[in-house]
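Student: Pasting work-v1.txt below, which is compact mmCIF, N, CA and C atoms.
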# COMPACT_ATOMS: atom_id res chain seq x y z
N MET Z 319 99.25 110.35 46.27
CA MET Z 319 100.13 109.21 46.43
C MET Z 319 101.57 109.72 46.50
N LYS Z 320 102.32 109.16 47.40
CA LYS Z 320 103.71 109.55 47.57
C LYS Z 320 104.58 108.94 46.48
N ARG Z 321 105.50 109.74 45.99
CA ARG Z 321 106.40 109.30 44.93
C ARG Z 321 107.48 108.39 45.53
N PRO Z 322 107.70 107.19 44.94
CA PRO Z 322 108.77 106.30 45.42
C PRO Z 322 110.14 106.98 45.30
N LYS Z 323 111.00 106.74 46.29
CA LYS Z 323 112.33 107.38 46.28
C LYS Z 323 113.14 107.01 45.04
N ASP Z 324 113.04 105.77 44.59
CA ASP Z 324 113.78 105.35 43.39
C ASP Z 324 113.41 106.19 42.17
N ILE Z 325 112.21 106.70 42.17
CA ILE Z 325 111.75 107.47 41.02
C ILE Z 325 112.52 108.78 40.90
N HIS Z 326 113.01 109.29 42.01
CA HIS Z 326 113.86 110.48 41.93
C HIS Z 326 115.13 110.18 41.12
N VAL Z 327 115.62 108.96 41.24
CA VAL Z 327 116.79 108.55 40.45
C VAL Z 327 116.43 108.56 38.97
N VAL Z 328 115.29 108.00 38.63
CA VAL Z 328 114.85 107.95 37.23
C VAL Z 328 114.63 109.37 36.70
N MET Z 329 114.02 110.21 37.51
CA MET Z 329 113.81 111.61 37.10
C MET Z 329 115.16 112.29 36.85
N GLY Z 330 116.12 112.04 37.73
CA GLY Z 330 117.46 112.61 37.55
C GLY Z 330 118.12 112.11 36.29
N ILE Z 331 117.96 110.81 36.01
CA ILE Z 331 118.52 110.25 34.78
C ILE Z 331 117.87 110.92 33.57
N GLY Z 332 116.57 111.13 33.64
CA GLY Z 332 115.87 111.78 32.53
C GLY Z 332 116.37 113.19 32.28
N ILE Z 333 116.56 113.94 33.34
CA ILE Z 333 117.06 115.31 33.19
C ILE Z 333 118.51 115.27 32.70
N LEU Z 334 119.31 114.36 33.27
CA LEU Z 334 120.70 114.20 32.84
C LEU Z 334 120.77 113.83 31.35
N ALA Z 335 119.90 112.92 30.92
CA ALA Z 335 119.88 112.51 29.51
C ALA Z 335 119.56 113.70 28.61
N PHE Z 336 118.59 114.48 28.99
CA PHE Z 336 118.22 115.66 28.20
C PHE Z 336 119.40 116.62 28.08
N VAL Z 337 120.02 116.93 29.20
CA VAL Z 337 121.15 117.87 29.22
C VAL Z 337 122.34 117.29 28.46
N ALA Z 338 122.64 116.01 28.68
CA ALA Z 338 123.80 115.39 28.03
C ALA Z 338 123.64 115.35 26.51
N ILE Z 339 122.46 115.01 26.05
CA ILE Z 339 122.23 114.95 24.60
C ILE Z 339 122.34 116.35 24.00
N ALA Z 340 121.75 117.34 24.65
CA ALA Z 340 121.85 118.72 24.16
C ALA Z 340 123.31 119.18 24.15
N ALA Z 341 124.04 118.85 25.21
CA ALA Z 341 125.45 119.24 25.29
C ALA Z 341 126.28 118.56 24.21
N TYR Z 342 126.00 117.27 23.97
CA TYR Z 342 126.74 116.53 22.94
C TYR Z 342 126.60 117.23 21.59
N TRP Z 343 125.37 117.55 21.22
CA TRP Z 343 125.18 118.15 19.90
C TRP Z 343 125.70 119.58 19.84
N PHE Z 344 125.64 120.29 20.94
CA PHE Z 344 126.26 121.62 20.98
C PHE Z 344 127.77 121.48 20.73
N LEU Z 345 128.40 120.55 21.45
CA LEU Z 345 129.83 120.33 21.28
C LEU Z 345 130.16 119.82 19.88
N TRP Z 346 129.33 118.93 19.35
CA TRP Z 346 129.57 118.39 18.01
C TRP Z 346 129.73 119.52 17.00
N PHE Z 347 128.85 120.52 17.08
CA PHE Z 347 128.86 121.59 16.09
C PHE Z 347 129.79 122.74 16.45
N PHE Z 348 130.02 122.98 17.76
CA PHE Z 348 130.78 124.18 18.14
C PHE Z 348 132.14 123.89 18.77
N ALA Z 349 132.39 122.66 19.20
CA ALA Z 349 133.70 122.26 19.74
C ALA Z 349 133.91 120.78 19.40
N PRO Z 350 133.96 120.46 18.11
CA PRO Z 350 133.96 119.06 17.68
C PRO Z 350 135.08 118.21 18.25
N GLY Z 351 136.22 118.79 18.52
CA GLY Z 351 137.34 118.02 19.04
C GLY Z 351 137.06 117.38 20.39
N VAL Z 352 136.07 117.87 21.10
CA VAL Z 352 135.74 117.35 22.42
C VAL Z 352 135.02 116.00 22.32
N VAL Z 353 134.14 115.84 21.34
CA VAL Z 353 133.30 114.64 21.28
C VAL Z 353 133.52 113.77 20.05
N GLN Z 354 134.13 114.29 19.02
CA GLN Z 354 134.29 113.50 17.81
C GLN Z 354 135.47 112.54 17.93
N SER Z 355 135.23 111.29 17.52
CA SER Z 355 136.27 110.26 17.55
C SER Z 355 137.19 110.33 16.35
N ARG Z 356 136.79 111.04 15.34
CA ARG Z 356 137.60 111.20 14.14
C ARG Z 356 137.74 112.69 13.83
N THR Z 357 138.78 113.02 13.10
CA THR Z 357 139.00 114.41 12.68
C THR Z 357 138.84 114.49 11.17
N PRO Z 358 138.62 115.68 10.64
CA PRO Z 358 138.46 115.81 9.19
C PRO Z 358 139.65 115.30 8.38
N THR Z 359 140.80 115.14 8.98
CA THR Z 359 141.96 114.64 8.25
C THR Z 359 142.01 113.11 8.20
N ASP Z 360 141.18 112.43 8.99
CA ASP Z 360 141.15 110.96 8.97
C ASP Z 360 140.47 110.47 7.70
N ALA Z 361 140.98 109.37 7.15
CA ALA Z 361 140.45 108.82 5.89
C ALA Z 361 138.98 108.44 5.99
N ASP Z 362 138.54 108.00 7.16
CA ASP Z 362 137.15 107.55 7.32
C ASP Z 362 136.23 108.63 7.91
N TYR Z 363 136.68 109.87 7.93
CA TYR Z 363 135.90 110.93 8.57
C TYR Z 363 134.54 111.13 7.91
N LEU Z 364 134.47 111.10 6.59
CA LEU Z 364 133.19 111.36 5.92
C LEU Z 364 132.13 110.31 6.26
N VAL Z 365 132.55 109.05 6.37
CA VAL Z 365 131.61 107.99 6.75
C VAL Z 365 131.18 108.20 8.20
N TYR Z 366 132.13 108.49 9.06
CA TYR Z 366 131.84 108.75 10.48
C TYR Z 366 130.89 109.94 10.62
N GLU Z 367 131.18 111.01 9.92
CA GLU Z 367 130.34 112.20 9.99
C GLU Z 367 128.92 111.91 9.49
N ALA Z 368 128.81 111.21 8.37
CA ALA Z 368 127.49 110.88 7.83
C ALA Z 368 126.70 110.03 8.81
N TYR Z 369 127.38 109.06 9.43
CA TYR Z 369 126.71 108.21 10.42
C TYR Z 369 126.22 109.07 11.59
N GLU Z 370 127.09 109.86 12.15
CA GLU Z 370 126.73 110.66 13.32
C GLU Z 370 125.60 111.64 13.00
N LEU Z 371 125.63 112.23 11.82
CA LEU Z 371 124.62 113.22 11.47
C LEU Z 371 123.25 112.60 11.16
N ALA Z 372 123.17 111.27 11.24
CA ALA Z 372 121.87 110.60 11.14
C ALA Z 372 121.17 110.57 12.50
N PHE Z 373 121.83 111.05 13.56
CA PHE Z 373 121.30 110.88 14.91
C PHE Z 373 120.71 112.09 15.61
N PRO Z 374 120.81 113.31 15.10
CA PRO Z 374 120.18 114.40 15.84
C PRO Z 374 118.68 114.20 16.08
N LEU Z 375 117.96 113.70 15.11
CA LEU Z 375 116.52 113.51 15.29
C LEU Z 375 116.20 112.39 16.29
N PRO Z 376 116.78 111.19 16.17
CA PRO Z 376 116.51 110.17 17.20
C PRO Z 376 117.00 110.61 18.58
N ASP Z 377 118.15 111.28 18.64
CA ASP Z 377 118.62 111.77 19.94
C ASP Z 377 117.66 112.80 20.51
N ALA Z 378 117.13 113.66 19.67
CA ALA Z 378 116.16 114.66 20.13
C ALA Z 378 114.90 113.97 20.67
N PHE Z 379 114.48 112.90 20.01
CA PHE Z 379 113.31 112.15 20.51
C PHE Z 379 113.59 111.60 21.91
N VAL Z 380 114.74 110.97 22.09
CA VAL Z 380 115.08 110.40 23.40
C VAL Z 380 115.19 111.51 24.44
N ALA Z 381 115.84 112.61 24.09
CA ALA Z 381 115.99 113.73 25.03
C ALA Z 381 114.64 114.29 25.43
N LEU Z 382 113.77 114.49 24.47
CA LEU Z 382 112.45 115.04 24.77
C LEU Z 382 111.62 114.06 25.59
N ALA Z 383 111.67 112.78 25.22
CA ALA Z 383 110.93 111.76 26.00
C ALA Z 383 111.44 111.71 27.43
N ALA Z 384 112.75 111.83 27.61
CA ALA Z 384 113.33 111.80 28.95
C ALA Z 384 112.90 113.01 29.76
N LEU Z 385 112.89 114.17 29.14
CA LEU Z 385 112.46 115.39 29.85
C LEU Z 385 110.98 115.33 30.19
N VAL Z 386 110.17 114.96 29.22
CA VAL Z 386 108.72 114.82 29.48
C VAL Z 386 108.48 113.76 30.55
N GLY Z 387 109.22 112.66 30.46
CA GLY Z 387 109.10 111.60 31.46
C GLY Z 387 109.45 112.09 32.86
N ALA Z 388 110.53 112.85 32.97
CA ALA Z 388 110.94 113.37 34.28
C ALA Z 388 109.87 114.29 34.86
N VAL Z 389 109.32 115.15 34.02
CA VAL Z 389 108.25 116.05 34.49
C VAL Z 389 107.02 115.25 34.89
N GLY Z 390 106.65 114.29 34.06
CA GLY Z 390 105.47 113.48 34.35
C GLY Z 390 105.63 112.63 35.61
N LEU Z 391 106.81 112.06 35.79
CA LEU Z 391 107.05 111.28 37.01
C LEU Z 391 107.02 112.18 38.23
N GLY Z 392 107.53 113.40 38.06
CA GLY Z 392 107.48 114.35 39.17
C GLY Z 392 106.06 114.67 39.59
N LYS Z 393 105.15 114.63 38.63
CA LYS Z 393 103.73 114.89 38.91
C LYS Z 393 102.94 113.61 39.16
N MET Z 394 103.66 112.46 39.13
CA MET Z 394 103.03 111.15 39.31
C MET Z 394 101.91 110.91 38.29
N LYS Z 395 102.20 111.23 37.04
CA LYS Z 395 101.26 111.05 35.95
C LYS Z 395 101.60 109.79 35.16
N ASP Z 396 100.56 109.12 34.66
CA ASP Z 396 100.77 107.92 33.83
C ASP Z 396 101.67 108.21 32.63
N TRP Z 397 101.46 109.36 32.01
CA TRP Z 397 102.22 109.70 30.81
C TRP Z 397 103.71 109.89 31.12
N GLY Z 398 104.04 110.18 32.35
CA GLY Z 398 105.45 110.27 32.73
C GLY Z 398 106.12 108.90 32.67
N PHE Z 399 105.39 107.88 33.15
CA PHE Z 399 105.89 106.51 33.09
C PHE Z 399 106.09 106.10 31.63
N LEU Z 400 105.09 106.36 30.80
CA LEU Z 400 105.18 106.00 29.38
C LEU Z 400 106.34 106.72 28.70
N ALA Z 401 106.44 108.03 28.89
CA ALA Z 401 107.50 108.80 28.23
C ALA Z 401 108.88 108.32 28.68
N MET Z 402 109.03 108.04 29.97
CA MET Z 402 110.34 107.59 30.45
C MET Z 402 110.66 106.19 29.94
N LEU Z 403 109.65 105.34 29.82
CA LEU Z 403 109.87 104.01 29.26
C LEU Z 403 110.29 104.12 27.79
N LEU Z 404 109.69 105.06 27.06
CA LEU Z 404 110.12 105.30 25.67
C LEU Z 404 111.57 105.79 25.62
N ALA Z 405 111.93 106.67 26.54
CA ALA Z 405 113.32 107.15 26.60
C ALA Z 405 114.28 106.01 26.91
N ALA Z 406 113.89 105.14 27.82
CA ALA Z 406 114.74 103.99 28.17
C ALA Z 406 114.93 103.08 26.96
N GLY Z 407 113.86 102.80 26.24
CA GLY Z 407 113.97 101.98 25.03
C GLY Z 407 114.85 102.65 23.99
N GLY Z 408 114.70 103.97 23.86
CA GLY Z 408 115.55 104.70 22.93
C GLY Z 408 117.02 104.63 23.33
N ALA Z 409 117.29 104.64 24.63
CA ALA Z 409 118.67 104.54 25.11
C ALA Z 409 119.27 103.17 24.75
N PHE Z 410 118.45 102.13 24.90
CA PHE Z 410 118.92 100.79 24.49
C PHE Z 410 119.33 100.82 23.02
N PHE Z 411 118.44 101.31 22.18
CA PHE Z 411 118.70 101.33 20.74
C PHE Z 411 119.93 102.16 20.41
N LEU Z 412 119.99 103.39 20.91
CA LEU Z 412 121.10 104.27 20.58
C LEU Z 412 122.43 103.70 21.06
N GLY Z 413 122.44 103.15 22.25
CA GLY Z 413 123.67 102.57 22.78
C GLY Z 413 124.15 101.38 21.98
N LEU Z 414 123.23 100.48 21.65
CA LEU Z 414 123.61 99.31 20.86
C LEU Z 414 124.03 99.68 19.45
N GLU Z 415 123.33 100.62 18.85
CA GLU Z 415 123.67 101.08 17.50
C GLU Z 415 125.06 101.71 17.49
N ASP Z 416 125.33 102.56 18.47
CA ASP Z 416 126.65 103.18 18.57
C ASP Z 416 127.74 102.14 18.79
N LEU Z 417 127.49 101.20 19.68
CA LEU Z 417 128.49 100.17 19.97
C LEU Z 417 128.81 99.34 18.72
N LEU Z 418 127.78 98.93 18.00
CA LEU Z 418 127.99 98.13 16.80
C LEU Z 418 128.78 98.92 15.74
N PHE Z 419 128.38 100.16 15.52
CA PHE Z 419 129.12 100.98 14.55
C PHE Z 419 130.57 101.13 14.98
N ASP Z 420 130.78 101.43 16.24
CA ASP Z 420 132.13 101.64 16.74
C ASP Z 420 133.00 100.39 16.57
N LEU Z 421 132.44 99.24 16.89
CA LEU Z 421 133.21 97.99 16.76
C LEU Z 421 133.47 97.65 15.30
N GLU Z 422 132.46 97.77 14.46
CA GLU Z 422 132.63 97.44 13.04
C GLU Z 422 133.59 98.38 12.31
N ASN Z 423 133.68 99.61 12.81
CA ASN Z 423 134.51 100.60 12.13
C ASN Z 423 135.77 100.97 12.91
N HIS Z 424 136.11 100.13 13.88
CA HIS Z 424 137.37 100.28 14.63
C HIS Z 424 137.54 101.67 15.24
N MET Z 425 136.45 102.18 15.81
CA MET Z 425 136.49 103.53 16.37
C MET Z 425 137.30 103.61 17.66
N PHE Z 426 137.61 102.47 18.25
CA PHE Z 426 138.40 102.47 19.47
C PHE Z 426 139.89 102.24 19.19
N VAL Z 427 140.24 102.22 17.89
CA VAL Z 427 141.63 101.99 17.50
C VAL Z 427 142.09 103.17 16.65
N PRO Z 428 143.13 103.86 17.01
CA PRO Z 428 143.90 103.66 18.24
C PRO Z 428 143.08 104.14 19.44
N PHE Z 429 143.34 103.53 20.59
CA PHE Z 429 142.62 103.93 21.79
C PHE Z 429 143.28 105.17 22.38
N ASN Z 430 142.70 106.31 22.05
CA ASN Z 430 143.23 107.59 22.51
C ASN Z 430 142.14 108.32 23.28
N GLY Z 431 142.33 109.59 23.54
CA GLY Z 431 141.36 110.36 24.30
C GLY Z 431 139.99 110.39 23.64
N ALA Z 432 139.95 110.59 22.33
CA ALA Z 432 138.67 110.63 21.61
C ALA Z 432 137.97 109.27 21.67
N ALA Z 433 138.74 108.20 21.55
CA ALA Z 433 138.15 106.86 21.63
C ALA Z 433 137.63 106.60 23.04
N ALA Z 434 138.34 107.09 24.04
CA ALA Z 434 137.89 106.92 25.43
C ALA Z 434 136.58 107.67 25.67
N VAL Z 435 136.45 108.86 25.10
CA VAL Z 435 135.20 109.62 25.22
C VAL Z 435 134.07 108.84 24.56
N GLU Z 436 134.32 108.32 23.37
CA GLU Z 436 133.29 107.54 22.66
C GLU Z 436 132.88 106.31 23.46
N LEU Z 437 133.85 105.59 24.00
CA LEU Z 437 133.55 104.41 24.81
C LEU Z 437 132.76 104.79 26.06
N ALA Z 438 133.13 105.89 26.68
CA ALA Z 438 132.40 106.34 27.88
C ALA Z 438 130.95 106.67 27.53
N ILE Z 439 130.75 107.33 26.40
CA ILE Z 439 129.38 107.67 25.98
C ILE Z 439 128.57 106.40 25.78
N VAL Z 440 129.13 105.44 25.08
CA VAL Z 440 128.43 104.18 24.81
C VAL Z 440 128.10 103.45 26.11
N LEU Z 441 129.06 103.36 27.01
CA LEU Z 441 128.84 102.65 28.28
C LEU Z 441 127.80 103.35 29.15
N VAL Z 442 127.81 104.66 29.17
CA VAL Z 442 126.80 105.40 29.95
C VAL Z 442 125.41 105.15 29.36
N ILE Z 443 125.30 105.27 28.05
CA ILE Z 443 124.00 105.06 27.41
C ILE Z 443 123.50 103.64 27.68
N LEU Z 444 124.40 102.67 27.52
CA LEU Z 444 124.01 101.27 27.71
C LEU Z 444 123.71 100.93 29.17
N SER Z 445 124.17 101.71 30.11
CA SER Z 445 123.84 101.44 31.51
C SER Z 445 122.57 102.16 31.93
N LEU Z 446 122.29 103.32 31.36
CA LEU Z 446 121.12 104.09 31.78
C LEU Z 446 119.81 103.47 31.32
N GLY Z 447 119.76 102.94 30.11
CA GLY Z 447 118.53 102.31 29.62
C GLY Z 447 118.05 101.20 30.54
N PRO Z 448 118.91 100.23 30.85
CA PRO Z 448 118.48 99.16 31.76
C PRO Z 448 118.14 99.66 33.16
N MET Z 449 118.93 100.62 33.66
CA MET Z 449 118.66 101.14 35.00
C MET Z 449 117.28 101.79 35.07
N MET Z 450 116.98 102.60 34.06
CA MET Z 450 115.67 103.26 34.02
C MET Z 450 114.55 102.22 33.93
N THR Z 451 114.74 101.23 33.07
CA THR Z 451 113.71 100.21 32.87
C THR Z 451 113.45 99.43 34.14
N VAL Z 452 114.50 99.01 34.82
CA VAL Z 452 114.34 98.23 36.06
C VAL Z 452 113.61 99.05 37.12
N LEU Z 453 114.02 100.30 37.31
CA LEU Z 453 113.38 101.13 38.33
C LEU Z 453 111.94 101.45 37.98
N LEU Z 454 111.67 101.71 36.73
CA LEU Z 454 110.29 101.98 36.32
C LEU Z 454 109.42 100.74 36.52
N TRP Z 455 109.92 99.60 36.10
CA TRP Z 455 109.14 98.38 36.22
C TRP Z 455 108.89 98.03 37.69
N LYS Z 456 109.88 98.24 38.52
CA LYS Z 456 109.76 97.96 39.95
C LYS Z 456 108.61 98.75 40.58
N HIS Z 457 108.39 99.96 40.08
CA HIS Z 457 107.37 100.84 40.68
C HIS Z 457 106.17 101.06 39.76
N ARG Z 458 105.97 100.16 38.80
CA ARG Z 458 104.90 100.38 37.81
C ARG Z 458 103.52 100.49 38.45
N LYS Z 459 103.26 99.72 39.49
CA LYS Z 459 101.93 99.76 40.11
C LYS Z 459 101.66 101.09 40.79
N GLU Z 460 102.71 101.73 41.28
CA GLU Z 460 102.54 103.04 41.90
C GLU Z 460 102.45 104.16 40.86
N LEU Z 461 103.03 103.91 39.69
CA LEU Z 461 103.12 104.94 38.68
C LEU Z 461 102.00 104.91 37.65
N ILE Z 462 101.37 103.76 37.49
CA ILE Z 462 100.26 103.63 36.54
C ILE Z 462 98.98 103.47 37.35
N HIS Z 463 98.13 104.42 37.20
CA HIS Z 463 96.86 104.37 37.95
C HIS Z 463 95.69 104.80 37.09
Translate this structure into structure tokens?
Tutor:
Amino acid sequence: MKRPKDIHVVMGIGILAFVAIAAYWFLWFFAPGVVQSRTPTDADYLVYEAYELAFPLPDAFVALAALVGAVGLGKMKDWGFLAMLLAAGGAFFLGLEDLLFDLENHMFVPFNGAAAVELAIVLVILSLGPMMTVLLWKHRKELIH
């Protein structure tokens, strides 16, 4: 069976998600100023740090599901559809959780470079989950056999 062209987009999103999540955590630990919205001198840094450090495991799950999904979709396997759908659901959760934390804790104030990076991350995550879900659902009959 021929792979639908839209599925290449989903596969690309899956690979991008895997790489982006790995890069985020690499930067978090080795170049924190690039991705962290707060610095150790900020009064709320410890709360921010504790919150963020609750996410390596869920992020790893989403990254792995996205990578497995991309490979599976490339092979037109049922498990690729399932794994990518799990990654999409994880993206919904992570994006909404980040957005709520950011709003409740005024992470966009003051709106500076770090806040812009945080907002960009949230918006990308919140756009990829729905995009993946719509494209997967559109082609579910071709992908589940």
Student: Looking at Z:Ala434, Z:Leu461, Z:Val337, Z:Ala378, which one is nearest to Z:Asp396, with distances taken over all atoms listed in the file?
Tutor: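 With all atoms listed in the file as the atom set, the closest residue is Z:Leu461.
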Student: What is the atom C of Z:Leu371-atom N of Z:Trp346 distance in Å, reported with one decimal?
Tutor: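 Separation of atom C of Z:Leu371 and atom N of Z:Trp346: 12.0 Å.
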Student: Let me know the centre plus edge lengths, in Å and rounded to one decimal, of a box with edges along x, y and z that contains all listed atoms of stretch 366-375 of chain Z and is padded by 6 Å on every side, as lines of an AutoDock Vina configuration file.
Tutor:
center_x = 124.2
center_y = 111.3
center_z = 12.1
size_x = 27.9
size_y = 18.2
size_z = 20.5
Student: Residues at most 8 Å from Z:Leu437, counting all atoms listed in the file, excluding those fewer than 6 positions away in the same chain, as a PyMOL selection string?
Tutor: chain Z and resi 425-426+431+443
Student: Report, in Å with one decimal, the straight-line distance from atom N of Z:Gly351 to atom C of Z:Ala406.
Tutor: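 Taking atom N of Z:Gly351 and atom C of Z:Ala406, their separation equals 27.8 Å.
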Student: Tell me which of Z:Leu417, Z:Val353, Z:Ile439, Z:Met394 sits closest to Z:Ile462, counting all atoms listed in the file.
Tutor: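 Distance minimum relative to Z:Ile462 lands on Z:Met394.
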Student: Measuring between only C-alpha atoms, which one of Z:Phe399, Z:Ile325, Z:Thr357, Z:Gly332 shows the shortest distance to Z:Ala433?
Tutor: Z:Thr357
Student: Extract, using all atoms listed in the file, all DNA, RNA and protein residues at most 7 Å from Z:Ala388, discarding same-chain residues fewer than 4 positions from it, and format them as number ranges by chain.
Tutor: Z: 328-330, 332-333, 383-384, 392-393, 398, 401-402
Student: Would you mind listing what lies within 10 Å of Z:Leu414 as number ranges by chain, with only C-alpha atoms counted and same-chain residues fewer than 4 positions away left out?
Tutor: Z: 408-410, 418-420, 440-441, 443-444
Student: As a ChimeraX atom specification, list the residues of stretch 329-450 of chain Z assigned to alpha helix (DSSP H) by DSSP on the backbone atoms of this structure.
Tutor: /Z:329-348,350-353,363-370,374-392,396-422,431-450
Student: Quick one: of Z:Ala368, Z:Ile331, Z:Ala405, Z:Val452, who's nearest to Z:Val380, counting all atoms listed in the file?
Tutor: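 Counting all atoms listed in the file, the residue closest to Z:Val380 is Z:Ala405.
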Student: State, in Å with one decimal place, the distance from atom CA of Z:Val386 to atom CA of Z:Leu403.
Tutor: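 Spanning atom CA of Z:Val386 to atom CA of Z:Leu403 is a straight-line distance of 10.9 Å.
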Student: Counting only N, CA and C atoms, figure out which residue out of Z:Ala372, Z:Ala381, Z:Leu421, Z:Leu453 gets nearest to Z:Ala338.
Tutor: Z:Ala381
Student: Which one is closest to Z:Arg321: Z:Lys456, Z:Leu391, Z:Met450, Z:Ile339? Count all atoms listed in the file.
Tutor: Z:Leu391
